[in-house]
>>> print(open('model_39.txt').read())   # compact mmCIF, N, CA and C atoms
# COMPACT_ATOMS: atom_id res chain seq x y z
N MET A 26 -23.55 -0.30 63.93
CA MET A 26 -22.24 -0.49 63.40
C MET A 26 -22.26 -0.53 61.86
N GLU A 27 -23.24 -1.24 61.29
CA GLU A 27 -23.42 -1.30 59.84
C GLU A 27 -23.65 0.10 59.30
N ALA A 28 -24.45 0.89 59.96
CA ALA A 28 -24.75 2.25 59.53
C ALA A 28 -23.48 3.11 59.57
N GLU A 29 -22.63 2.88 60.59
CA GLU A 29 -21.39 3.64 60.68
C GLU A 29 -20.47 3.33 59.49
N ARG A 30 -20.41 2.03 59.07
CA ARG A 30 -19.54 1.64 57.96
C ARG A 30 -20.04 2.27 56.67
N ARG A 31 -21.35 2.29 56.47
CA ARG A 31 -21.90 2.91 55.26
C ARG A 31 -21.67 4.41 55.25
N GLY A 32 -21.71 4.99 56.37
CA GLY A 32 -21.53 6.44 56.48
C GLY A 32 -20.10 6.86 56.17
N SER A 33 -19.14 5.96 56.29
CA SER A 33 -17.76 6.33 56.06
C SER A 33 -17.38 6.28 54.58
N GLY A 34 -18.35 5.92 53.68
CA GLY A 34 -18.10 5.96 52.25
C GLY A 34 -17.74 4.61 51.65
N GLU A 35 -17.63 3.55 52.44
CA GLU A 35 -17.30 2.24 51.91
C GLU A 35 -18.57 1.53 51.47
N SER A 36 -18.54 0.97 50.27
CA SER A 36 -19.73 0.26 49.76
C SER A 36 -19.55 -1.24 49.83
N GLY A 37 -18.38 -1.72 50.20
CA GLY A 37 -18.14 -3.14 50.29
C GLY A 37 -17.60 -3.72 48.98
N VAL A 38 -17.43 -2.90 47.95
CA VAL A 38 -16.89 -3.36 46.66
C VAL A 38 -15.46 -2.83 46.53
N SER A 39 -14.55 -3.74 46.23
CA SER A 39 -13.14 -3.36 46.10
C SER A 39 -12.85 -2.91 44.67
N PRO A 40 -12.10 -1.83 44.49
CA PRO A 40 -11.75 -1.38 43.13
C PRO A 40 -10.60 -2.18 42.50
N THR A 41 -9.99 -3.07 43.25
CA THR A 41 -8.82 -3.81 42.77
C THR A 41 -9.07 -4.58 41.47
N PRO A 42 -10.15 -5.36 41.32
CA PRO A 42 -10.35 -6.09 40.06
C PRO A 42 -10.49 -5.14 38.86
N PHE A 43 -11.12 -4.01 39.06
CA PHE A 43 -11.28 -3.04 37.98
C PHE A 43 -9.94 -2.43 37.59
N LEU A 44 -9.12 -2.13 38.55
CA LEU A 44 -7.80 -1.58 38.29
C LEU A 44 -6.92 -2.60 37.56
N ILE A 45 -7.01 -3.87 37.97
CA ILE A 45 -6.23 -4.92 37.30
C ILE A 45 -6.69 -5.05 35.85
N ALA A 46 -7.99 -5.05 35.61
CA ALA A 46 -8.52 -5.15 34.24
C ALA A 46 -8.07 -3.95 33.40
N LEU A 47 -8.09 -2.77 33.97
CA LEU A 47 -7.66 -1.57 33.27
C LEU A 47 -6.18 -1.66 32.89
N VAL A 48 -5.35 -2.08 33.82
CA VAL A 48 -3.92 -2.21 33.56
C VAL A 48 -3.68 -3.25 32.46
N LEU A 49 -4.37 -4.39 32.50
CA LEU A 49 -4.21 -5.42 31.47
C LEU A 49 -4.65 -4.90 30.10
N ALA A 50 -5.73 -4.15 30.05
CA ALA A 50 -6.21 -3.60 28.78
C ALA A 50 -5.19 -2.61 28.22
N VAL A 51 -4.64 -1.75 29.05
CA VAL A 51 -3.65 -0.78 28.60
C VAL A 51 -2.39 -1.49 28.11
N VAL A 52 -1.96 -2.51 28.82
CA VAL A 52 -0.77 -3.26 28.40
C VAL A 52 -1.03 -3.96 27.06
N ALA A 53 -2.20 -4.57 26.89
CA ALA A 53 -2.52 -5.27 25.64
C ALA A 53 -2.58 -4.29 24.46
N ILE A 54 -3.23 -3.16 24.64
CA ILE A 54 -3.31 -2.16 23.58
C ILE A 54 -1.92 -1.62 23.27
N GLY A 55 -1.13 -1.37 24.27
CA GLY A 55 0.24 -0.89 24.07
C GLY A 55 1.08 -1.90 23.31
N ALA A 56 0.91 -3.18 23.61
CA ALA A 56 1.68 -4.23 22.92
C ALA A 56 1.31 -4.28 21.44
N VAL A 57 0.02 -4.18 21.13
CA VAL A 57 -0.43 -4.20 19.73
C VAL A 57 0.13 -2.98 18.98
N LEU A 58 0.04 -1.82 19.57
CA LEU A 58 0.57 -0.61 18.93
C LEU A 58 2.08 -0.70 18.74
N ALA A 59 2.79 -1.18 19.74
CA ALA A 59 4.25 -1.32 19.62
C ALA A 59 4.60 -2.32 18.52
N TRP A 60 3.88 -3.41 18.43
CA TRP A 60 4.14 -4.43 17.40
C TRP A 60 3.96 -3.82 16.01
N ASN A 61 2.93 -3.02 15.82
CA ASN A 61 2.69 -2.40 14.52
C ASN A 61 3.71 -1.31 14.20
N LEU A 62 4.27 -0.67 15.19
CA LEU A 62 5.30 0.34 14.95
C LEU A 62 6.64 -0.31 14.63
N ILE A 63 6.91 -1.44 15.24
CA ILE A 63 8.19 -2.12 15.05
C ILE A 63 8.26 -2.80 13.69
N ARG A 64 7.16 -3.44 13.27
CA ARG A 64 7.15 -4.16 11.99
C ARG A 64 7.12 -3.18 10.84
N PRO A 65 7.91 -3.40 9.79
CA PRO A 65 7.84 -2.52 8.61
C PRO A 65 6.45 -2.61 7.97
N SER A 66 6.03 -1.54 7.32
CA SER A 66 4.69 -1.50 6.73
C SER A 66 4.51 -2.58 5.68
N ASN A 67 5.57 -2.93 4.94
CA ASN A 67 5.44 -3.98 3.93
C ASN A 67 5.08 -5.31 4.55
N ASP A 68 5.55 -5.57 5.78
CA ASP A 68 5.24 -6.82 6.45
C ASP A 68 3.78 -6.88 6.89
N ARG A 69 3.14 -5.74 7.00
CA ARG A 69 1.74 -5.72 7.44
C ARG A 69 0.78 -5.85 6.27
N LEU A 70 1.27 -5.67 5.04
CA LEU A 70 0.42 -5.75 3.86
C LEU A 70 0.52 -7.13 3.22
N THR A 71 -0.57 -7.60 2.67
CA THR A 71 -0.53 -8.84 1.92
C THR A 71 0.23 -8.61 0.62
N ASP A 72 0.65 -9.69 -0.03
CA ASP A 72 1.33 -9.54 -1.32
C ASP A 72 0.43 -8.83 -2.33
N SER A 73 -0.85 -9.17 -2.35
CA SER A 73 -1.78 -8.51 -3.28
C SER A 73 -1.84 -7.01 -3.03
N ALA A 74 -1.88 -6.61 -1.77
CA ALA A 74 -1.93 -5.19 -1.44
C ALA A 74 -0.63 -4.50 -1.83
N GLN A 75 0.50 -5.19 -1.67
CA GLN A 75 1.78 -4.61 -2.07
C GLN A 75 1.86 -4.44 -3.58
N VAL A 76 1.33 -5.41 -4.34
CA VAL A 76 1.30 -5.28 -5.80
C VAL A 76 0.42 -4.11 -6.20
N GLN A 77 -0.75 -3.98 -5.56
CA GLN A 77 -1.64 -2.86 -5.86
C GLN A 77 -0.95 -1.52 -5.58
N ARG A 78 -0.19 -1.47 -4.50
CA ARG A 78 0.53 -0.24 -4.18
C ARG A 78 1.57 0.06 -5.27
N THR A 79 2.26 -0.98 -5.74
CA THR A 79 3.24 -0.80 -6.82
C THR A 79 2.57 -0.28 -8.08
N ILE A 80 1.39 -0.82 -8.39
CA ILE A 80 0.65 -0.36 -9.57
C ILE A 80 0.37 1.14 -9.44
N GLY A 81 -0.12 1.55 -8.29
CA GLY A 81 -0.42 2.97 -8.06
C GLY A 81 0.82 3.83 -8.15
N GLN A 82 1.93 3.37 -7.58
CA GLN A 82 3.16 4.14 -7.61
C GLN A 82 3.72 4.23 -9.03
N TYR A 83 3.65 3.13 -9.77
CA TYR A 83 4.18 3.10 -11.14
C TYR A 83 3.42 4.08 -12.03
N TYR A 84 2.08 3.96 -12.04
CA TYR A 84 1.30 4.83 -12.92
C TYR A 84 1.25 6.27 -12.40
N GLY A 85 1.35 6.45 -11.09
CA GLY A 85 1.46 7.80 -10.54
C GLY A 85 2.74 8.47 -11.00
N ALA A 86 3.85 7.71 -10.98
CA ALA A 86 5.14 8.25 -11.44
C ALA A 86 5.08 8.56 -12.92
N LEU A 87 4.42 7.71 -13.68
CA LEU A 87 4.30 7.93 -15.12
C LEU A 87 3.51 9.21 -15.40
N ASN A 88 2.40 9.39 -14.69
CA ASN A 88 1.54 10.57 -14.89
C ASN A 88 2.20 11.86 -14.44
N LYS A 89 2.91 11.80 -13.34
CA LYS A 89 3.49 13.03 -12.78
C LYS A 89 4.89 13.31 -13.32
N GLY A 90 5.41 12.40 -14.14
CA GLY A 90 6.74 12.62 -14.71
C GLY A 90 7.86 12.46 -13.71
N ARG A 91 7.67 11.61 -12.71
CA ARG A 91 8.69 11.38 -11.69
C ARG A 91 9.56 10.19 -12.12
N TYR A 92 10.62 10.48 -12.81
CA TYR A 92 11.48 9.46 -13.40
C TYR A 92 12.05 8.50 -12.35
N ALA A 93 12.55 9.03 -11.26
CA ALA A 93 13.17 8.19 -10.22
C ALA A 93 12.15 7.21 -9.65
N ASP A 94 10.91 7.64 -9.45
CA ASP A 94 9.87 6.75 -8.93
C ASP A 94 9.49 5.69 -9.96
N LEU A 95 9.49 6.07 -11.23
CA LEU A 95 9.20 5.11 -12.29
C LEU A 95 10.27 4.02 -12.31
N VAL A 96 11.52 4.41 -12.25
CA VAL A 96 12.63 3.45 -12.24
C VAL A 96 12.53 2.56 -11.00
N ALA A 97 12.22 3.16 -9.85
CA ALA A 97 12.14 2.40 -8.60
C ALA A 97 11.04 1.34 -8.63
N ASN A 98 10.02 1.52 -9.46
CA ASN A 98 8.91 0.57 -9.53
C ASN A 98 8.94 -0.29 -10.79
N THR A 99 10.07 -0.27 -11.51
CA THR A 99 10.24 -1.07 -12.72
C THR A 99 11.29 -2.15 -12.44
N CYS A 100 11.03 -3.37 -12.90
CA CYS A 100 11.97 -4.46 -12.67
C CYS A 100 13.29 -4.21 -13.40
N THR A 101 14.32 -4.87 -12.94
CA THR A 101 15.67 -4.67 -13.47
C THR A 101 15.73 -4.89 -14.98
N LYS A 102 15.12 -5.97 -15.47
CA LYS A 102 15.24 -6.27 -16.91
C LYS A 102 14.52 -5.23 -17.78
N ASP A 103 13.50 -4.56 -17.25
CA ASP A 103 12.78 -3.55 -18.03
C ASP A 103 13.38 -2.16 -17.94
N ARG A 104 14.27 -1.94 -16.99
CA ARG A 104 14.87 -0.60 -16.84
C ARG A 104 15.64 -0.20 -18.09
N ALA A 105 16.24 -1.16 -18.76
CA ALA A 105 17.00 -0.87 -19.97
C ALA A 105 16.08 -0.35 -21.08
N LYS A 106 14.79 -0.68 -21.03
CA LYS A 106 13.83 -0.24 -22.05
C LYS A 106 13.31 1.17 -21.80
N LEU A 107 13.53 1.67 -20.59
CA LEU A 107 13.06 3.03 -20.27
C LEU A 107 13.93 4.04 -21.00
N PRO A 108 13.33 5.16 -21.39
CA PRO A 108 14.17 6.20 -22.00
C PRO A 108 15.13 6.76 -20.95
N ALA A 109 16.22 7.31 -21.41
CA ALA A 109 17.16 7.96 -20.48
C ALA A 109 16.42 9.09 -19.77
N GLU A 110 16.88 9.40 -18.58
CA GLU A 110 16.20 10.44 -17.80
C GLU A 110 16.09 11.74 -18.58
N ALA A 111 17.12 12.08 -19.34
CA ALA A 111 17.12 13.32 -20.11
C ALA A 111 16.01 13.31 -21.17
N GLY A 112 15.69 12.15 -21.73
CA GLY A 112 14.66 12.06 -22.77
C GLY A 112 13.28 11.71 -22.24
N PHE A 113 13.19 11.43 -20.95
CA PHE A 113 11.93 10.99 -20.38
C PHE A 113 10.85 12.07 -20.47
N SER A 114 11.20 13.27 -20.14
CA SER A 114 10.23 14.36 -20.14
C SER A 114 9.61 14.55 -21.53
N GLY A 115 10.44 14.54 -22.56
CA GLY A 115 9.95 14.71 -23.93
C GLY A 115 9.09 13.54 -24.37
N ALA A 116 9.50 12.31 -24.02
CA ALA A 116 8.72 11.12 -24.39
C ALA A 116 7.38 11.13 -23.68
N ARG A 117 7.38 11.53 -22.42
CA ARG A 117 6.13 11.60 -21.66
C ARG A 117 5.20 12.65 -22.24
N LYS A 118 5.76 13.81 -22.59
CA LYS A 118 4.96 14.90 -23.15
C LYS A 118 4.32 14.47 -24.47
N ALA A 119 5.07 13.78 -25.31
CA ALA A 119 4.53 13.31 -26.59
C ALA A 119 3.41 12.29 -26.37
N ALA A 120 3.59 11.40 -25.40
CA ALA A 120 2.56 10.39 -25.12
C ALA A 120 1.29 11.05 -24.58
N VAL A 121 1.45 12.04 -23.72
CA VAL A 121 0.28 12.74 -23.16
C VAL A 121 -0.45 13.52 -24.25
N GLU A 122 0.30 14.16 -25.14
CA GLU A 122 -0.35 14.88 -26.24
C GLU A 122 -1.11 13.94 -27.16
N ARG A 123 -0.56 12.76 -27.37
CA ARG A 123 -1.17 11.78 -28.26
C ARG A 123 -2.37 11.07 -27.62
N GLU A 124 -2.21 10.62 -26.36
CA GLU A 124 -3.22 9.77 -25.73
C GLU A 124 -3.94 10.43 -24.56
N GLY A 125 -3.38 11.46 -23.99
CA GLY A 125 -3.95 12.10 -22.81
C GLY A 125 -3.41 11.47 -21.54
N GLU A 126 -3.71 12.08 -20.42
CA GLU A 126 -3.30 11.53 -19.11
C GLU A 126 -3.99 10.19 -18.91
N VAL A 127 -3.33 9.30 -18.21
CA VAL A 127 -3.90 7.99 -17.92
C VAL A 127 -4.34 7.95 -16.46
N THR A 128 -5.50 7.37 -16.22
CA THR A 128 -5.95 7.15 -14.85
C THR A 128 -6.21 5.67 -14.66
N LEU A 129 -6.08 5.25 -13.44
CA LEU A 129 -6.26 3.86 -13.09
C LEU A 129 -6.82 3.81 -11.68
N GLY A 130 -8.11 3.51 -11.58
CA GLY A 130 -8.75 3.42 -10.27
C GLY A 130 -8.58 2.04 -9.67
N GLN A 131 -8.94 1.92 -8.41
CA GLN A 131 -8.81 0.64 -7.72
C GLN A 131 -9.65 -0.45 -8.40
N ASP A 132 -10.82 -0.08 -8.92
CA ASP A 132 -11.68 -1.05 -9.59
C ASP A 132 -11.16 -1.41 -10.98
N ASP A 133 -10.15 -0.71 -11.47
CA ASP A 133 -9.58 -0.98 -12.78
C ASP A 133 -8.49 -2.04 -12.75
N VAL A 134 -8.22 -2.58 -11.56
CA VAL A 134 -7.25 -3.67 -11.40
C VAL A 134 -8.07 -4.93 -11.09
N THR A 135 -8.02 -5.90 -12.00
CA THR A 135 -8.80 -7.13 -11.82
C THR A 135 -7.90 -8.35 -12.02
N ASP A 136 -8.42 -9.48 -11.65
CA ASP A 136 -7.74 -10.78 -11.83
C ASP A 136 -6.32 -10.77 -11.28
N LEU A 137 -6.12 -10.13 -10.15
CA LEU A 137 -4.80 -10.08 -9.53
C LEU A 137 -4.50 -11.42 -8.87
N THR A 138 -3.44 -12.07 -9.33
CA THR A 138 -3.02 -13.34 -8.75
C THR A 138 -1.54 -13.26 -8.41
N VAL A 139 -1.21 -13.80 -7.25
CA VAL A 139 0.17 -13.82 -6.79
C VAL A 139 0.59 -15.27 -6.64
N SER A 140 1.75 -15.60 -7.19
CA SER A 140 2.29 -16.95 -7.08
C SER A 140 3.77 -16.84 -6.75
N GLY A 141 4.09 -16.98 -5.49
CA GLY A 141 5.48 -16.85 -5.06
C GLY A 141 5.98 -15.44 -5.25
N ASP A 142 7.01 -15.30 -6.08
CA ASP A 142 7.61 -13.98 -6.33
C ASP A 142 7.17 -13.37 -7.65
N THR A 143 6.08 -13.86 -8.21
CA THR A 143 5.53 -13.28 -9.44
C THR A 143 4.05 -13.01 -9.23
N ALA A 144 3.55 -12.05 -9.99
CA ALA A 144 2.13 -11.71 -9.92
C ALA A 144 1.68 -11.24 -11.30
N LYS A 145 0.39 -11.37 -11.53
CA LYS A 145 -0.22 -10.91 -12.78
C LYS A 145 -1.53 -10.22 -12.44
N ALA A 146 -1.90 -9.26 -13.28
CA ALA A 146 -3.16 -8.54 -13.10
C ALA A 146 -3.61 -8.01 -14.45
N THR A 147 -4.90 -7.80 -14.56
CA THR A 147 -5.46 -7.15 -15.74
C THR A 147 -5.76 -5.71 -15.33
N LEU A 148 -5.23 -4.76 -16.10
CA LEU A 148 -5.41 -3.34 -15.81
C LEU A 148 -6.25 -2.69 -16.90
N THR A 149 -7.20 -1.88 -16.51
CA THR A 149 -7.95 -1.07 -17.46
C THR A 149 -7.43 0.35 -17.32
N LEU A 150 -6.61 0.74 -18.27
CA LEU A 150 -6.01 2.07 -18.28
C LEU A 150 -6.96 3.01 -19.01
N ARG A 151 -7.31 4.10 -18.38
CA ARG A 151 -8.26 5.05 -18.93
C ARG A 151 -7.53 6.31 -19.39
N TYR A 152 -7.34 6.41 -20.71
CA TYR A 152 -6.64 7.55 -21.29
C TYR A 152 -7.65 8.64 -21.64
N ALA A 153 -7.31 9.87 -21.34
CA ALA A 153 -8.22 11.00 -21.56
C ALA A 153 -8.57 11.15 -23.04
N LYS A 154 -7.63 10.93 -23.95
CA LYS A 154 -7.89 11.11 -25.38
C LYS A 154 -8.08 9.79 -26.11
N ALA A 155 -7.33 8.78 -25.77
CA ALA A 155 -7.34 7.52 -26.51
C ALA A 155 -8.37 6.51 -26.00
N GLY A 156 -9.05 6.83 -24.91
CA GLY A 156 -10.05 5.90 -24.38
C GLY A 156 -9.42 4.82 -23.50
N ASP A 157 -10.20 3.78 -23.24
CA ASP A 157 -9.75 2.71 -22.34
C ASP A 157 -8.92 1.68 -23.10
N LYS A 158 -7.88 1.21 -22.43
CA LYS A 158 -7.03 0.14 -22.96
C LYS A 158 -6.84 -0.89 -21.86
N THR A 159 -7.00 -2.15 -22.21
CA THR A 159 -6.79 -3.22 -21.25
C THR A 159 -5.39 -3.78 -21.44
N GLU A 160 -4.71 -3.99 -20.33
CA GLU A 160 -3.33 -4.47 -20.37
C GLU A 160 -3.16 -5.61 -19.37
N LYS A 161 -2.50 -6.66 -19.79
CA LYS A 161 -2.10 -7.73 -18.88
C LYS A 161 -0.75 -7.32 -18.32
N ALA A 162 -0.68 -7.12 -17.04
CA ALA A 162 0.55 -6.66 -16.41
C ALA A 162 1.17 -7.76 -15.56
N SER A 163 2.49 -7.80 -15.56
CA SER A 163 3.23 -8.76 -14.75
C SER A 163 4.09 -8.02 -13.74
N PHE A 164 4.34 -8.68 -12.63
CA PHE A 164 5.12 -8.10 -11.55
C PHE A 164 6.04 -9.15 -10.98
N VAL A 165 7.20 -8.73 -10.50
CA VAL A 165 8.14 -9.62 -9.83
C VAL A 165 8.57 -8.95 -8.53
N ARG A 166 8.92 -9.81 -7.58
CA ARG A 166 9.45 -9.28 -6.31
C ARG A 166 10.97 -9.29 -6.42
N GLU A 167 11.55 -8.11 -6.31
CA GLU A 167 13.00 -7.95 -6.36
C GLU A 167 13.45 -7.24 -5.09
N GLY A 168 14.34 -7.84 -4.37
CA GLY A 168 14.84 -7.21 -3.14
C GLY A 168 13.73 -6.93 -2.14
N GLY A 169 12.71 -7.78 -2.10
CA GLY A 169 11.61 -7.62 -1.14
C GLY A 169 10.55 -6.63 -1.58
N LYS A 170 10.67 -6.02 -2.76
CA LYS A 170 9.69 -5.04 -3.24
C LYS A 170 9.14 -5.49 -4.59
N TRP A 171 7.85 -5.30 -4.78
CA TRP A 171 7.20 -5.65 -6.03
C TRP A 171 7.51 -4.60 -7.08
N LYS A 172 7.80 -5.05 -8.31
CA LYS A 172 8.12 -4.16 -9.42
C LYS A 172 7.31 -4.57 -10.64
N LYS A 173 6.92 -3.61 -11.45
CA LYS A 173 6.21 -3.89 -12.71
C LYS A 173 7.24 -4.42 -13.71
N CYS A 174 6.87 -5.45 -14.43
CA CYS A 174 7.80 -6.10 -15.34
C CYS A 174 7.02 -6.64 -16.54
N SER A 175 7.66 -6.62 -17.72
CA SER A 175 6.96 -7.14 -18.91
C SER A 175 7.10 -8.64 -19.00
>>> encode(input="model_39.txt", output="structure tokens")
Amino acid sequence: MEAERRGSGESGVSPTPFLIALVLAVVAIGAVLAWNLIRPSNDRLTDSAQVQRTIGQYYGALNKGRYADLVANTCTKDRAKLPAEAGFSGARKAAVEREGEVTLGQDDVTDLTVSGDTAKATLTLRYAKAGDKTEKASFVREGGKWKKCS
């Protein structure tokens, strides 16, 4: 009788616990993925990471001459100091001719500290013609987004 049971393909082990574990794993992975899709990306980043992203966007906009992006990453009180959009291209061109393009790598941002809705960092700006310049930069959170501010 034992030989007959073995011959029919049954090994005596039920697949049910394995199927339950598989279903639980799929549900857990699905829940984590859904949670990350539902939450805005800013909510998934630390304040320090959001400030670093603002730094990259600000200097990227400056280098590429994207006026709207520069304004979007500048605090309200400093926007009045920006040249008008019509004069931005000429001002940028003069600065590039004088100092060269500026680069700012991830290692060029140091001493980043966040305190509530303000942040400070030391930036080493690397100009192609003028060499390296160190700048103390300040940031404020306005409308849930970090902005560069003097």
>>> residues_near_point(input="model_39.txt", point="(5.7, -13.0, -4.4)", cutoff="10 Å", atoms="only C-alpha atoms", output="ChimeraX atom specification")
/A:71-73,75-76,138-144,164-167,169-171
>>> residues_around(input="model_39.txt", residues="Val127 of chain A", least_positions_apart="4", cutoff="8 Å", atoms="only N, CA and C atoms", output="PyMOL selection string")
chain A and resi 84-85+87-88+121+150-154
>>> closest_residue(input="model_39.txt", among="A:Lys173, A:Ile80, A:Leu44, A:Ala120", to="Asn98 of chain A", atoms="all atoms listed in the file")
A:Lys173
>>> select_by_dssp(input="model_39.txt", residues="chain A", states="alpha helix (DSSP H)", output="PyMOL selection string")
chain A and resi 27-32+41-63+66-69+72-89+92-97+101-104+110-124
>>> atom_distance(input="model_39.txt", atom1="atom CA of Lys172 of chain A", atom2="atom C of Cys100 of chain A")
6.5 Å
>>> residues_around(input="model_39.txt", residues="Asp94 of chain A", least_positions_apart="5", cutoff="6.5 Å", atoms="all atoms listed in the file", output="list in words")
Gln82, Tyr83, Ala86 and Thr99 of chain A
>>> write_last_selection(input="model_39.txt", atoms="N, CA and C atoms", output="PDB file, in the frame of the given file")
ATOM      1  N   GLN A  82       1.930   3.370  -7.580  1.00  0.00           N
ATOM      2  CA  GLN A  82       3.160   4.140  -7.610  1.00  0.00           C
ATOM      3  C   GLN A  82       3.720   4.230  -9.030  1.00  0.00           C
ATOM      4  N   TYR A  83       3.650   3.130  -9.770  1.00  0.00           N
ATOM      5  CA  TYR A  83       4.180   3.100 -11.140  1.00  0.00           C
ATOM      6  C   TYR A  83       3.420   4.080 -12.030  1.00  0.00           C
ATOM      7  N   ALA A  86       3.850   7.710 -10.980  1.00  0.00           N
ATOM      8  CA  ALA A  86       5.140   8.250 -11.440  1.00  0.00           C
ATOM      9  C   ALA A  86       5.080   8.560 -12.920  1.00  0.00           C
ATOM     10  N   THR A  99      10.070  -0.270 -11.510  1.00  0.00           N
ATOM     11  CA  THR A  99      10.240  -1.070 -12.720  1.00  0.00           C
ATOM     12  C   THR A  99      11.290  -2.150 -12.440  1.00  0.00           C
TER      13      THR A  99
END
>>> atom_distance(input="model_39.txt", atom1="atom CA of Arg117 of chain A", atom2="atom CA of Lys89 of chain A")
9.4 Å
>>> closest_residue(input="model_39.txt", among="A:Thr41, A:Ala74, A:Asp133, A:Cys174", to="Thr101 of chain A", atoms="all atoms listed in the file")
A:Cys174
>>> atom_distance(input="model_39.txt", atom1="atom CA of Val48 of chain A", atom2="atom CA of Ile63 of chain A")
22.1 Å
>>> residues_around(input="model_39.txt", residues="Ala116 of chain A", least_positions_apart="4", cutoff="12 Å", atoms="only C-alpha atoms", output="list in words")
Leu87, Asn88, Gly90, Tyr92, Leu107, Pro108, Ala109, Glu110, Ala111, Gly112, Ala120, Val121, Glu122 and Arg123 of chain A
>>> write_last_selection(input="model_39.txt", atoms="N, CA and C atoms", output="mmCIF file, in the coordinates of the input")
data_model
loop_
_atom_site.group_PDB
_atom_site.id
_atom_site.type_symbol
_atom_site.label_atom_id
_atom_site.label_comp_id
_atom_site.auth_asym_id
_atom_site.auth_seq_id
_atom_site.Cartn_x
_atom_site.Cartn_y
_atom_site.Cartn_z
ATOM 1 N N LEU A 87 4.420 7.710 -13.680
ATOM 2 C CA LEU A 87 4.300 7.930 -15.120
ATOM 3 C C LEU A 87 3.510 9.210 -15.400
ATOM 4 N N ASN A 88 2.400 9.390 -14.690
ATOM 5 C CA ASN A 88 1.540 10.570 -14.890
ATOM 6 C C ASN A 88 2.200 11.860 -14.440
ATOM 7 N N GLY A 90 5.410 12.400 -14.140
ATOM 8 C CA GLY A 90 6.740 12.620 -14.710
ATOM 9 C C GLY A 90 7.860 12.460 -13.710
ATOM 10 N N TYR A 92 10.620 10.480 -12.810
ATOM 11 C CA TYR A 92 11.480 9.460 -13.400
ATOM 12 C C TYR A 92 12.050 8.500 -12.350
ATOM 13 N N LEU A 107 13.530 1.670 -20.590
ATOM 14 C CA LEU A 107 13.060 3.030 -20.270
ATOM 15 C C LEU A 107 13.930 4.040 -21.000
ATOM 16 N N PRO A 108 13.330 5.160 -21.390
ATOM 17 C CA PRO A 108 14.170 6.200 -22.000
ATOM 18 C C PRO A 108 15.130 6.760 -20.950
ATOM 19 N N ALA A 109 16.220 7.310 -21.410
ATOM 20 C CA ALA A 109 17.160 7.960 -20.480
ATOM 21 C C ALA A 109 16.420 9.090 -19.770
ATOM 22 N N GLU A 110 16.880 9.400 -18.580
ATOM 23 C CA GLU A 110 16.200 10.440 -17.800
ATOM 24 C C GLU A 110 16.090 11.740 -18.580
ATOM 25 N N ALA A 111 17.120 12.080 -19.340
ATOM 26 C CA ALA A 111 17.120 13.320 -20.110
ATOM 27 C C ALA A 111 16.010 13.310 -21.170
ATOM 28 N N GLY A 112 15.690 12.150 -21.730
ATOM 29 C CA GLY A 112 14.660 12.060 -22.770
ATOM 30 C C GLY A 112 13.280 11.710 -22.240
ATOM 31 N N ALA A 120 3.590 11.400 -25.400
ATOM 32 C CA ALA A 120 2.560 10.390 -25.120
ATOM 33 C C ALA A 120 1.290 11.050 -24.580
ATOM 34 N N VAL A 121 1.450 12.040 -23.720
ATOM 35 C CA VAL A 121 0.280 12.740 -23.160
ATOM 36 C C VAL A 121 -0.450 13.520 -24.250
ATOM 37 N N GLU A 122 0.300 14.160 -25.140
ATOM 38 C CA GLU A 122 -0.350 14.880 -26.240
ATOM 39 C C GLU A 122 -1.110 13.940 -27.160
ATOM 40 N N ARG A 123 -0.560 12.760 -27.370
ATOM 41 C CA ARG A 123 -1.170 11.780 -28.260
ATOM 42 C C ARG A 123 -2.370 11.070 -27.620
#
